[in-house]
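my_file.cif (mmCIF, N, CA and C atoms)
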data_work
#
loop_
_atom_site.label_atom_id
_atom_site.label_comp_id
_atom_site.auth_asym_id
_atom_site.auth_seq_id
_atom_site.Cartn_x
_atom_site.Cartn_y
_atom_site.Cartn_z
N LEU A 7 -22.48 -17.50 33.01
CA LEU A 7 -22.92 -17.15 31.68
C LEU A 7 -21.70 -16.79 30.83
N ILE A 8 -21.62 -17.38 29.67
CA ILE A 8 -20.51 -17.10 28.76
C ILE A 8 -21.08 -16.63 27.43
N ALA A 9 -20.58 -15.52 26.99
CA ALA A 9 -20.98 -14.99 25.68
C ALA A 9 -19.87 -15.27 24.68
N VAL A 10 -20.25 -15.79 23.56
CA VAL A 10 -19.27 -16.10 22.52
C VAL A 10 -19.60 -15.26 21.29
N CYS A 11 -18.60 -14.57 20.83
CA CYS A 11 -18.75 -13.77 19.62
C CYS A 11 -17.75 -14.28 18.60
N ALA A 12 -18.26 -14.76 17.50
CA ALA A 12 -17.37 -15.28 16.45
C ALA A 12 -17.61 -14.49 15.17
N SER A 13 -16.53 -14.10 14.56
CA SER A 13 -16.63 -13.41 13.28
C SER A 13 -15.41 -13.77 12.45
N ALA A 14 -15.58 -13.67 11.15
CA ALA A 14 -14.45 -13.95 10.27
C ALA A 14 -13.43 -12.84 10.48
N GLN A 15 -12.24 -13.21 10.82
CA GLN A 15 -11.21 -12.20 11.04
C GLN A 15 -10.47 -11.91 9.74
N SER A 16 -10.31 -10.64 9.49
CA SER A 16 -9.52 -10.27 8.33
C SER A 16 -8.05 -10.26 8.71
N LYS A 17 -7.22 -10.23 7.71
CA LYS A 17 -5.78 -10.26 7.95
C LYS A 17 -5.33 -9.00 8.69
N PRO A 18 -4.50 -9.14 9.70
CA PRO A 18 -4.01 -7.97 10.42
C PRO A 18 -2.81 -7.32 9.73
N GLY A 19 -2.65 -6.02 9.94
CA GLY A 19 -1.49 -5.23 9.56
C GLY A 19 -0.62 -5.72 8.42
N ALA A 20 0.61 -6.11 8.76
CA ALA A 20 1.61 -6.47 7.76
C ALA A 20 1.13 -7.61 6.87
N GLU A 21 0.39 -8.54 7.42
CA GLU A 21 -0.10 -9.67 6.62
C GLU A 21 -1.09 -9.19 5.56
N TYR A 22 -1.94 -8.24 5.92
CA TYR A 22 -2.92 -7.70 4.97
C TYR A 22 -2.23 -7.01 3.80
N PHE A 23 -1.24 -6.17 4.07
CA PHE A 23 -0.60 -5.39 3.01
C PHE A 23 0.40 -6.20 2.19
N ASN A 24 0.74 -7.41 2.61
CA ASN A 24 1.67 -8.27 1.88
C ASN A 24 1.13 -8.53 0.48
N GLY A 25 1.97 -8.35 -0.54
CA GLY A 25 1.56 -8.64 -1.91
C GLY A 25 1.80 -7.47 -2.84
N LYS A 26 1.16 -7.54 -4.02
CA LYS A 26 1.31 -6.50 -5.04
C LYS A 26 0.05 -5.64 -5.05
N TRP A 27 0.26 -4.33 -5.10
CA TRP A 27 -0.85 -3.38 -5.11
C TRP A 27 -0.69 -2.41 -6.28
N SER A 28 -1.77 -2.21 -7.03
CA SER A 28 -1.81 -1.20 -8.07
C SER A 28 -2.47 0.03 -7.44
N VAL A 29 -1.74 1.14 -7.40
CA VAL A 29 -2.23 2.35 -6.74
C VAL A 29 -2.30 3.49 -7.74
N LEU A 30 -3.47 4.14 -7.81
CA LEU A 30 -3.68 5.30 -8.66
C LEU A 30 -3.59 6.54 -7.80
N LEU A 31 -2.66 7.43 -8.14
CA LEU A 31 -2.48 8.70 -7.43
C LEU A 31 -3.15 9.78 -8.29
N LYS A 32 -4.14 10.46 -7.73
CA LYS A 32 -4.96 11.39 -8.50
C LYS A 32 -4.52 12.84 -8.33
N GLY A 33 -4.44 13.56 -9.46
CA GLY A 33 -4.23 15.00 -9.43
C GLY A 33 -2.83 15.47 -9.10
N THR A 34 -1.82 14.64 -9.37
CA THR A 34 -0.44 15.09 -9.12
C THR A 34 -0.09 16.17 -10.16
N PRO A 35 0.98 16.93 -9.94
CA PRO A 35 1.36 17.96 -10.92
C PRO A 35 1.56 17.40 -12.33
N ASN A 36 1.92 16.12 -12.43
CA ASN A 36 2.09 15.49 -13.75
C ASN A 36 0.86 14.71 -14.17
N GLY A 37 -0.28 14.97 -13.54
CA GLY A 37 -1.52 14.25 -13.85
C GLY A 37 -1.64 13.01 -12.98
N ASP A 38 -2.66 12.21 -13.25
CA ASP A 38 -2.85 10.98 -12.50
C ASP A 38 -1.69 10.02 -12.79
N ALA A 39 -1.26 9.32 -11.76
CA ALA A 39 -0.13 8.40 -11.92
C ALA A 39 -0.49 7.05 -11.32
N LYS A 40 -0.08 5.99 -12.00
CA LYS A 40 -0.31 4.64 -11.49
C LYS A 40 1.04 4.04 -11.12
N MET A 41 1.11 3.48 -9.91
CA MET A 41 2.33 2.83 -9.44
C MET A 41 1.97 1.46 -8.89
N ILE A 42 2.94 0.58 -8.95
CA ILE A 42 2.79 -0.76 -8.39
C ILE A 42 3.67 -0.84 -7.14
N PHE A 43 3.08 -1.26 -6.04
CA PHE A 43 3.83 -1.45 -4.79
C PHE A 43 3.91 -2.94 -4.52
N VAL A 44 5.14 -3.45 -4.47
CA VAL A 44 5.38 -4.86 -4.19
C VAL A 44 5.86 -4.93 -2.74
N LEU A 45 4.98 -5.38 -1.87
CA LEU A 45 5.23 -5.31 -0.43
C LEU A 45 5.39 -6.70 0.17
N GLU A 46 6.32 -6.81 1.11
CA GLU A 46 6.58 -8.08 1.81
C GLU A 46 6.46 -7.88 3.30
N ASN A 47 5.92 -8.88 3.95
CA ASN A 47 5.83 -8.89 5.40
C ASN A 47 7.22 -9.26 5.94
N LYS A 48 7.84 -8.35 6.69
CA LYS A 48 9.17 -8.58 7.26
C LYS A 48 9.11 -8.39 8.78
N LYS A 49 8.98 -9.49 9.52
CA LYS A 49 8.96 -9.43 10.99
C LYS A 49 7.97 -8.38 11.49
N ASP A 50 6.71 -8.52 11.12
CA ASP A 50 5.63 -7.61 11.52
C ASP A 50 5.82 -6.19 11.04
N SER A 51 6.58 -6.01 9.97
CA SER A 51 6.72 -4.71 9.33
C SER A 51 6.59 -4.94 7.83
N ILE A 52 6.83 -3.92 7.07
CA ILE A 52 6.70 -4.00 5.62
C ILE A 52 8.00 -3.54 4.96
N ALA A 53 8.39 -4.26 3.92
CA ALA A 53 9.52 -3.87 3.07
C ALA A 53 9.02 -4.02 1.64
N GLY A 54 9.75 -3.44 0.69
CA GLY A 54 9.34 -3.64 -0.68
C GLY A 54 9.90 -2.60 -1.63
N VAL A 55 9.32 -2.60 -2.83
CA VAL A 55 9.76 -1.69 -3.89
C VAL A 55 8.55 -1.04 -4.54
N VAL A 56 8.83 0.07 -5.23
CA VAL A 56 7.83 0.78 -6.02
C VAL A 56 8.20 0.58 -7.48
N GLN A 57 7.21 0.23 -8.30
CA GLN A 57 7.45 0.02 -9.72
C GLN A 57 6.53 0.94 -10.52
N ASP A 58 6.94 1.24 -11.76
CA ASP A 58 6.03 1.96 -12.64
C ASP A 58 5.06 0.95 -13.25
N SER A 59 4.18 1.41 -14.12
CA SER A 59 3.15 0.53 -14.68
C SER A 59 3.72 -0.57 -15.58
N THR A 60 4.99 -0.45 -15.99
CA THR A 60 5.60 -1.48 -16.83
C THR A 60 6.35 -2.52 -15.98
N GLY A 61 6.43 -2.29 -14.66
CA GLY A 61 7.13 -3.22 -13.79
C GLY A 61 8.58 -2.85 -13.54
N THR A 62 9.02 -1.68 -14.04
CA THR A 62 10.38 -1.22 -13.81
C THR A 62 10.47 -0.60 -12.42
N GLU A 63 11.49 -1.00 -11.65
CA GLU A 63 11.62 -0.48 -10.30
C GLU A 63 11.95 1.02 -10.31
N ILE A 64 11.18 1.78 -9.54
CA ILE A 64 11.40 3.23 -9.40
C ILE A 64 12.21 3.50 -8.14
N SER A 65 11.84 2.81 -7.05
CA SER A 65 12.46 3.09 -5.76
C SER A 65 12.23 1.95 -4.80
N LYS A 66 13.05 1.87 -3.79
CA LYS A 66 12.83 0.93 -2.70
C LYS A 66 12.04 1.66 -1.61
N ILE A 67 11.24 0.92 -0.86
CA ILE A 67 10.57 1.49 0.31
C ILE A 67 11.66 1.69 1.35
N SER A 68 11.88 2.95 1.76
CA SER A 68 12.96 3.23 2.72
C SER A 68 12.50 3.03 4.16
N LYS A 69 11.19 3.16 4.38
CA LYS A 69 10.65 3.03 5.73
C LYS A 69 9.16 2.76 5.63
N ALA A 70 8.63 2.02 6.60
CA ALA A 70 7.19 1.77 6.65
C ALA A 70 6.72 1.87 8.10
N GLU A 71 5.64 2.58 8.30
CA GLU A 71 5.02 2.69 9.62
C GLU A 71 3.67 2.01 9.56
N LEU A 72 3.48 1.01 10.39
CA LEU A 72 2.30 0.17 10.36
C LEU A 72 1.45 0.42 11.60
N LYS A 73 0.16 0.68 11.40
CA LYS A 73 -0.79 0.84 12.50
C LYS A 73 -2.08 0.13 12.09
N ASP A 74 -2.53 -0.80 12.89
CA ASP A 74 -3.79 -1.51 12.67
C ASP A 74 -4.09 -1.75 11.19
N ASN A 75 -5.00 -0.94 10.63
CA ASN A 75 -5.44 -1.14 9.24
C ASN A 75 -4.86 -0.13 8.27
N GLU A 76 -3.69 0.43 8.62
CA GLU A 76 -3.07 1.37 7.69
C GLU A 76 -1.56 1.26 7.74
N VAL A 77 -0.96 1.69 6.63
CA VAL A 77 0.50 1.71 6.54
C VAL A 77 0.91 3.01 5.85
N THR A 78 1.99 3.60 6.33
CA THR A 78 2.58 4.75 5.66
C THR A 78 3.91 4.29 5.07
N LEU A 79 4.03 4.41 3.76
CA LEU A 79 5.23 3.97 3.05
C LEU A 79 6.05 5.20 2.65
N TYR A 80 7.35 5.15 2.90
CA TYR A 80 8.26 6.24 2.55
C TYR A 80 9.16 5.77 1.42
N PHE A 81 9.29 6.60 0.38
CA PHE A 81 10.12 6.23 -0.77
C PHE A 81 10.51 7.50 -1.52
N ASN A 82 11.37 7.35 -2.52
CA ASN A 82 11.84 8.47 -3.32
C ASN A 82 11.20 8.39 -4.70
N ALA A 83 10.61 9.49 -5.15
CA ALA A 83 10.00 9.54 -6.48
C ALA A 83 10.42 10.83 -7.16
N GLN A 84 11.01 10.73 -8.32
CA GLN A 84 11.46 11.87 -9.12
C GLN A 84 12.34 12.82 -8.29
N GLY A 85 13.21 12.24 -7.46
CA GLY A 85 14.15 13.03 -6.67
C GLY A 85 13.59 13.59 -5.38
N TYR A 86 12.35 13.27 -5.05
CA TYR A 86 11.73 13.78 -3.82
C TYR A 86 11.43 12.63 -2.87
N ASP A 87 11.68 12.86 -1.58
CA ASP A 87 11.27 11.89 -0.56
C ASP A 87 9.79 12.12 -0.28
N VAL A 88 8.99 11.10 -0.49
CA VAL A 88 7.54 11.21 -0.34
C VAL A 88 7.02 10.12 0.58
N ASN A 89 5.77 10.29 1.02
CA ASN A 89 5.13 9.24 1.81
C ASN A 89 3.72 9.01 1.29
N LEU A 90 3.31 7.77 1.39
CA LEU A 90 1.99 7.35 0.92
C LEU A 90 1.30 6.64 2.07
N LEU A 91 0.14 7.15 2.46
CA LEU A 91 -0.68 6.51 3.48
C LEU A 91 -1.71 5.65 2.78
N LEU A 92 -1.77 4.36 3.14
CA LEU A 92 -2.78 3.46 2.61
C LEU A 92 -3.60 2.92 3.78
N THR A 93 -4.93 2.98 3.63
CA THR A 93 -5.84 2.49 4.66
C THR A 93 -6.72 1.40 4.06
N LYS A 94 -6.85 0.31 4.78
CA LYS A 94 -7.66 -0.82 4.32
C LYS A 94 -9.11 -0.37 4.13
N LYS A 95 -9.66 -0.70 2.95
CA LYS A 95 -11.06 -0.42 2.65
C LYS A 95 -11.86 -1.71 2.75
N ASP A 96 -11.37 -2.75 2.10
CA ASP A 96 -11.93 -4.10 2.21
C ASP A 96 -10.80 -5.08 1.92
N ASP A 97 -11.11 -6.35 1.70
CA ASP A 97 -10.05 -7.36 1.55
C ASP A 97 -9.07 -7.07 0.43
N ASP A 98 -9.50 -6.39 -0.64
CA ASP A 98 -8.63 -6.19 -1.80
C ASP A 98 -8.50 -4.74 -2.24
N HIS A 99 -8.95 -3.78 -1.43
CA HIS A 99 -8.90 -2.38 -1.83
C HIS A 99 -8.41 -1.51 -0.67
N VAL A 100 -7.67 -0.45 -1.04
CA VAL A 100 -7.19 0.53 -0.08
C VAL A 100 -7.50 1.92 -0.60
N THR A 101 -7.55 2.87 0.32
CA THR A 101 -7.65 4.28 -0.04
C THR A 101 -6.55 5.00 0.71
N GLY A 102 -6.29 6.24 0.37
CA GLY A 102 -5.26 6.95 1.09
C GLY A 102 -4.88 8.24 0.41
N ASN A 103 -3.64 8.67 0.69
CA ASN A 103 -3.17 9.90 0.09
C ASN A 103 -1.65 9.92 0.03
N LEU A 104 -1.15 10.69 -0.93
CA LEU A 104 0.28 10.91 -1.10
C LEU A 104 0.59 12.28 -0.53
N MET A 105 1.48 12.33 0.45
CA MET A 105 1.92 13.59 1.06
C MET A 105 0.76 14.42 1.62
N SER A 106 -0.33 13.78 2.00
CA SER A 106 -1.54 14.47 2.50
C SER A 106 -2.10 15.47 1.50
N MET A 107 -1.75 15.31 0.21
CA MET A 107 -2.21 16.26 -0.81
C MET A 107 -2.97 15.61 -1.95
N PHE A 108 -2.58 14.40 -2.32
CA PHE A 108 -3.16 13.77 -3.50
C PHE A 108 -3.85 12.47 -3.11
N ASP A 109 -5.10 12.31 -3.52
CA ASP A 109 -5.87 11.11 -3.19
C ASP A 109 -5.28 9.89 -3.88
N ALA A 110 -5.41 8.76 -3.19
CA ALA A 110 -4.90 7.50 -3.73
C ALA A 110 -5.97 6.42 -3.58
N GLU A 111 -6.05 5.56 -4.59
CA GLU A 111 -6.93 4.39 -4.55
C GLU A 111 -6.09 3.21 -5.01
N GLY A 112 -6.20 2.11 -4.29
CA GLY A 112 -5.40 0.95 -4.66
C GLY A 112 -6.20 -0.33 -4.68
N GLU A 113 -5.70 -1.28 -5.47
CA GLU A 113 -6.33 -2.58 -5.58
C GLU A 113 -5.25 -3.65 -5.57
N ARG A 114 -5.52 -4.73 -4.82
CA ARG A 114 -4.59 -5.85 -4.77
C ARG A 114 -4.50 -6.50 -6.14
N ILE A 115 -3.29 -6.81 -6.58
CA ILE A 115 -3.09 -7.53 -7.84
C ILE A 115 -3.03 -9.01 -7.49
N LYS A 116 -4.03 -9.73 -7.95
CA LYS A 116 -4.10 -11.15 -7.62
C LYS A 116 -3.33 -11.97 -8.64
N LYS A 117 -2.72 -13.04 -8.14
CA LYS A 117 -1.97 -13.94 -9.02
C LYS A 117 -2.93 -14.68 -9.92
N LYS A 118 -2.57 -14.76 -11.20
CA LYS A 118 -3.40 -15.49 -12.15
C LYS A 118 -3.14 -16.97 -11.99
N GLU A 119 -4.21 -17.71 -12.02
CA GLU A 119 -4.06 -19.18 -11.83
C GLU A 119 -4.03 -19.90 -13.14
#
Write-out of the structure in structure tokens:
Amino acid sequence: LIAVCASAQSKPGAEYFNGKWSVLLKGTPNGDAKMIFVLENKKDSIAGVVQDSTGTEISKISKAELKDNEVTLYFNAQGYDVNLLLTKKDDDHVTGNLMSMFDAEGERIKKKE
């Protein structure tokens, strides 16, 4: 007897997070903040940059820790070393937190055709 289970597989780890993400950080000391994360799949890890809402680079991702459906990104913002945890919600949305203190919601920025 052979049982076959087939399901649509979603993108794993680094492949899923590859691309541009618009992330809203809620309740920071300076109010809600929106950042753009431009992430690249680099040998089963993540590299990239952080941009402000105008596309100006704020910081490079200094380190990324990847686990199954989540990634922790380390970068410098306003002179502070911070980390952002993003967890896959669905194909184009993530949730998470900045420094385990501020809630984050993100959406994949799709290329216009």
Task: Hits from the PyMOL selection byres ((chain A and resi 28-30) around 7), listed as an NGL selection string - done: :A and (26-27 or 31-32 or 38-43 or 109-115)
Open item on the list: I'd like the neighbourhood of stretch 72-76 of chain A as a VMD selection string, where a residue qualifies if any of its atoms comes within 5 Å (using only N, CA and C atoms), though same-chain residues fewer than 4 positions away should be ignored.
Closed with: chain A and resid 19 92 to 94
TODO: To verify the selection step, state as a ChimeraX atom specification which residues the PyMOL selection byres ((chain A and resi 81) around 7) yields on this input.
DONE: /A:65-69,79-80,82-83,86-90
Task: Members of chain A assigned strand (DSSP E or B) by DSSP, as JSON, numbers by chain - done: {"A": [25, 26, 27, 28, 29, 30, 31, 32, 33, 34, 37, 38, 39, 40, 41, 42, 43, 44, 45, 46, 47, 48, 51, 52, 53, 54, 55, 56, 57, 63, 64, 65, 66, 69, 70, 71, 72, 73, 76, 77, 78, 79, 80, 81, 82, 83, 86, 87, 88, 89, 90, 91, 92, 93, 94, 95, 96, 99, 100, 101, 102, 103, 104, 108, 109, 110, 111, 112, 113, 114, 115]}
TODO: Identify which of the residues A:Leu104, A:Asp97, A:Ala70, A:Thr78 lies closest to A:Tyr22, counting only N, CA and C atoms when measuring atom-to-atom distances.
DONE: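 Looking at the shortest contact to A:Tyr22, the residue is A:Asp97.
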TODO: Please evaluate the PyMOL selection byres (((chain A and resi 47 and name CA) around 12) and name CA) against the displayed coordinates and give the resulting residues as number ranges by chain.
DONE: A: 17-26, 44-46, 48-54, 70, 72, 77
- [ ] Please indicate the distance in Å from atom C of A:Gly33 to atom N of A:Gly102, rounded to one decimal place.
- [x] 13.7 Å
Task: Atomic separation - atom CA of A:Asn36 relative to atom CA of A:Asn103, Å - done: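 Calculated distance between atom CA of A:Asn103 and atom CA of A:Asn36 is 15.8 Å.
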Task: atom C of A:Thr34 to atom CA of A:Phe108, straight-line distance in Å - done: 7.7 Å
Can you take the partial stretch 31-42 of chain A, add all heavy atoms, and return it as a PDB file, in the frame of the given file?
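What follows is the written file out.pdb:
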ATOM      1  N   LEU A  31      -2.660   7.430  -8.140  1.00  0.00           N
ATOM      2  CA  LEU A  31      -2.480   8.700  -7.430  1.00  0.00           C
ATOM      3  C   LEU A  31      -3.150   9.780  -8.290  1.00  0.00           C
ATOM      4  O   LEU A  31      -2.771   9.989  -9.442  1.00  0.00           O
ATOM      5  CB  LEU A  31      -1.002   9.001  -7.249  1.00  0.00           C
ATOM      6  CG  LEU A  31      -0.213   7.895  -6.539  1.00  0.00           C
ATOM      7  CD1 LEU A  31       1.275   8.166  -6.611  1.00  0.00           C
ATOM      8  CD2 LEU A  31      -0.679   7.765  -5.098  1.00  0.00           C
ATOM      9  N   LYS A  32      -4.140  10.460  -7.730  1.00  0.00           N
ATOM     10  CA  LYS A  32      -4.960  11.390  -8.500  1.00  0.00           C
ATOM     11  C   LYS A  32      -4.520  12.840  -8.330  1.00  0.00           C
ATOM     12  O   LYS A  32      -4.251  13.276  -7.221  1.00  0.00           O
ATOM     13  CB  LYS A  32      -6.417  11.267  -8.066  1.00  0.00           C
ATOM     14  CG  LYS A  32      -7.009   9.913  -8.312  1.00  0.00           C
ATOM     15  CD  LYS A  32      -8.431   9.870  -7.815  1.00  0.00           C
ATOM     16  CE  LYS A  32      -9.057   8.517  -8.055  1.00  0.00           C
ATOM     17  NZ  LYS A  32     -10.450   8.496  -7.566  1.00  0.00           N
ATOM     18  N   GLY A  33      -4.440  13.560  -9.460  1.00  0.00           N
ATOM     19  CA  GLY A  33      -4.230  15.000  -9.430  1.00  0.00           C
ATOM     20  C   GLY A  33      -2.830  15.470  -9.100  1.00  0.00           C
ATOM     21  O   GLY A  33      -2.650  16.587  -8.629  1.00  0.00           O
ATOM     22  N   THR A  34      -1.820  14.640  -9.370  1.00  0.00           N
ATOM     23  CA  THR A  34      -0.440  15.090  -9.120  1.00  0.00           C
ATOM     24  C   THR A  34      -0.090  16.170 -10.160  1.00  0.00           C
ATOM     25  O   THR A  34      -0.776  16.294 -11.178  1.00  0.00           O
ATOM     26  CB  THR A  34       0.572  13.922  -9.214  1.00  0.00           C
ATOM     27  OG1 THR A  34       0.703  13.513 -10.569  1.00  0.00           O
ATOM     28  CG2 THR A  34       0.154  12.743  -8.342  1.00  0.00           C
ATOM     29  N   PRO A  35       0.980  16.930  -9.940  1.00  0.00           N
ATOM     30  CA  PRO A  35       1.360  17.960 -10.920  1.00  0.00           C
ATOM     31  C   PRO A  35       1.560  17.400 -12.330  1.00  0.00           C
ATOM     32  O   PRO A  35       1.367  18.122 -13.309  1.00  0.00           O
ATOM     33  CB  PRO A  35       2.674  18.512 -10.360  1.00  0.00           C
ATOM     34  CG  PRO A  35       2.568  18.286  -8.888  1.00  0.00           C
ATOM     35  CD  PRO A  35       1.834  16.983  -8.739  1.00  0.00           C
ATOM     36  N   ASN A  36       1.920  16.120 -12.430  1.00  0.00           N
ATOM     37  CA  ASN A  36       2.090  15.490 -13.750  1.00  0.00           C
ATOM     38  C   ASN A  36       0.860  14.710 -14.170  1.00  0.00           C
ATOM     39  O   ASN A  36       0.929  13.859 -15.045  1.00  0.00           O
ATOM     40  CB  ASN A  36       3.311  14.565 -13.734  1.00  0.00           C
ATOM     41  CG  ASN A  36       4.594  15.331 -13.515  1.00  0.00           C
ATOM     42  OD1 ASN A  36       4.734  16.466 -13.969  1.00  0.00           O
ATOM     43  ND2 ASN A  36       5.524  14.737 -12.802  1.00  0.00           N
ATOM     44  N   GLY A  37      -0.280  14.970 -13.540  1.00  0.00           N
ATOM     45  CA  GLY A  37      -1.520  14.250 -13.850  1.00  0.00           C
ATOM     46  C   GLY A  37      -1.640  13.010 -12.980  1.00  0.00           C
ATOM     47  O   GLY A  37      -0.839  12.778 -12.078  1.00  0.00           O
ATOM     48  N   ASP A  38      -2.660  12.210 -13.250  1.00  0.00           N
ATOM     49  CA  ASP A  38      -2.850  10.980 -12.500  1.00  0.00           C
ATOM     50  C   ASP A  38      -1.690  10.020 -12.790  1.00  0.00           C
ATOM     51  O   ASP A  38      -1.207   9.964 -13.923  1.00  0.00           O
ATOM     52  CB  ASP A  38      -4.171  10.306 -12.879  1.00  0.00           C
ATOM     53  CG  ASP A  38      -5.390  11.112 -12.415  1.00  0.00           C
ATOM     54  OD1 ASP A  38      -5.208  12.108 -11.686  1.00  0.00           O
ATOM     55  OD2 ASP A  38      -6.509  10.738 -12.787  1.00  0.00           O
ATOM     56  N   ALA A  39      -1.260   9.320 -11.760  1.00  0.00           N
ATOM     57  CA  ALA A  39      -0.130   8.400 -11.920  1.00  0.00           C
ATOM     58  C   ALA A  39      -0.490   7.050 -11.320  1.00  0.00           C
ATOM     59  O   ALA A  39      -1.115   6.977 -10.264  1.00  0.00           O
ATOM     60  CB  ALA A  39       1.109   8.959 -11.231  1.00  0.00           C
ATOM     61  N   LYS A  40      -0.080   5.990 -12.000  1.00  0.00           N
ATOM     62  CA  LYS A  40      -0.310   4.640 -11.490  1.00  0.00           C
ATOM     63  C   LYS A  40       1.040   4.040 -11.120  1.00  0.00           C
ATOM     64  O   LYS A  40       1.986   4.099 -11.892  1.00  0.00           O
ATOM     65  CB  LYS A  40      -1.010   3.772 -12.523  1.00  0.00           C
ATOM     66  CG  LYS A  40      -1.409   2.406 -11.968  1.00  0.00           C
ATOM     67  CD  LYS A  40      -2.257   1.623 -12.934  1.00  0.00           C
ATOM     68  CE  LYS A  40      -3.690   1.988 -12.655  1.00  0.00           C
ATOM     69  NZ  LYS A  40      -4.645   1.101 -13.336  1.00  0.00           N
ATOM     70  N   MET A  41       1.110   3.480  -9.910  1.00  0.00           N
ATOM     71  CA  MET A  41       2.330   2.830  -9.440  1.00  0.00           C
ATOM     72  C   MET A  41       1.970   1.460  -8.890  1.00  0.00           C
ATOM     73  O   MET A  41       0.849   1.245  -8.431  1.00  0.00           O
ATOM     74  CB  MET A  41       2.982   3.646  -8.319  1.00  0.00           C
ATOM     75  CG  MET A  41       3.508   4.976  -8.735  1.00  0.00           C
ATOM     76  SD  MET A  41       4.260   5.800  -7.315  1.00  0.00           S
ATOM     77  CE  MET A  41       5.129   7.105  -8.126  1.00  0.00           C
ATOM     78  N   ILE A  42       2.940   0.580  -8.950  1.00  0.00           N
ATOM     79  CA  ILE A  42       2.790  -0.760  -8.390  1.00  0.00           C
ATOM     80  C   ILE A  42       3.670  -0.840  -7.140  1.00  0.00           C
ATOM     81  O   ILE A  42       4.853  -0.510  -7.200  1.00  0.00           O
ATOM     82  CB  ILE A  42       3.227  -1.858  -9.391  1.00  0.00           C
ATOM     83  CG1 ILE A  42       2.513  -1.694 -10.740  1.00  0.00           C
ATOM     84  CG2 ILE A  42       3.025  -3.240  -8.798  1.00  0.00           C
ATOM     85  CD1 ILE A  42       1.031  -1.900 -10.723  1.00  0.00           C
TER      86      ILE A  42
END
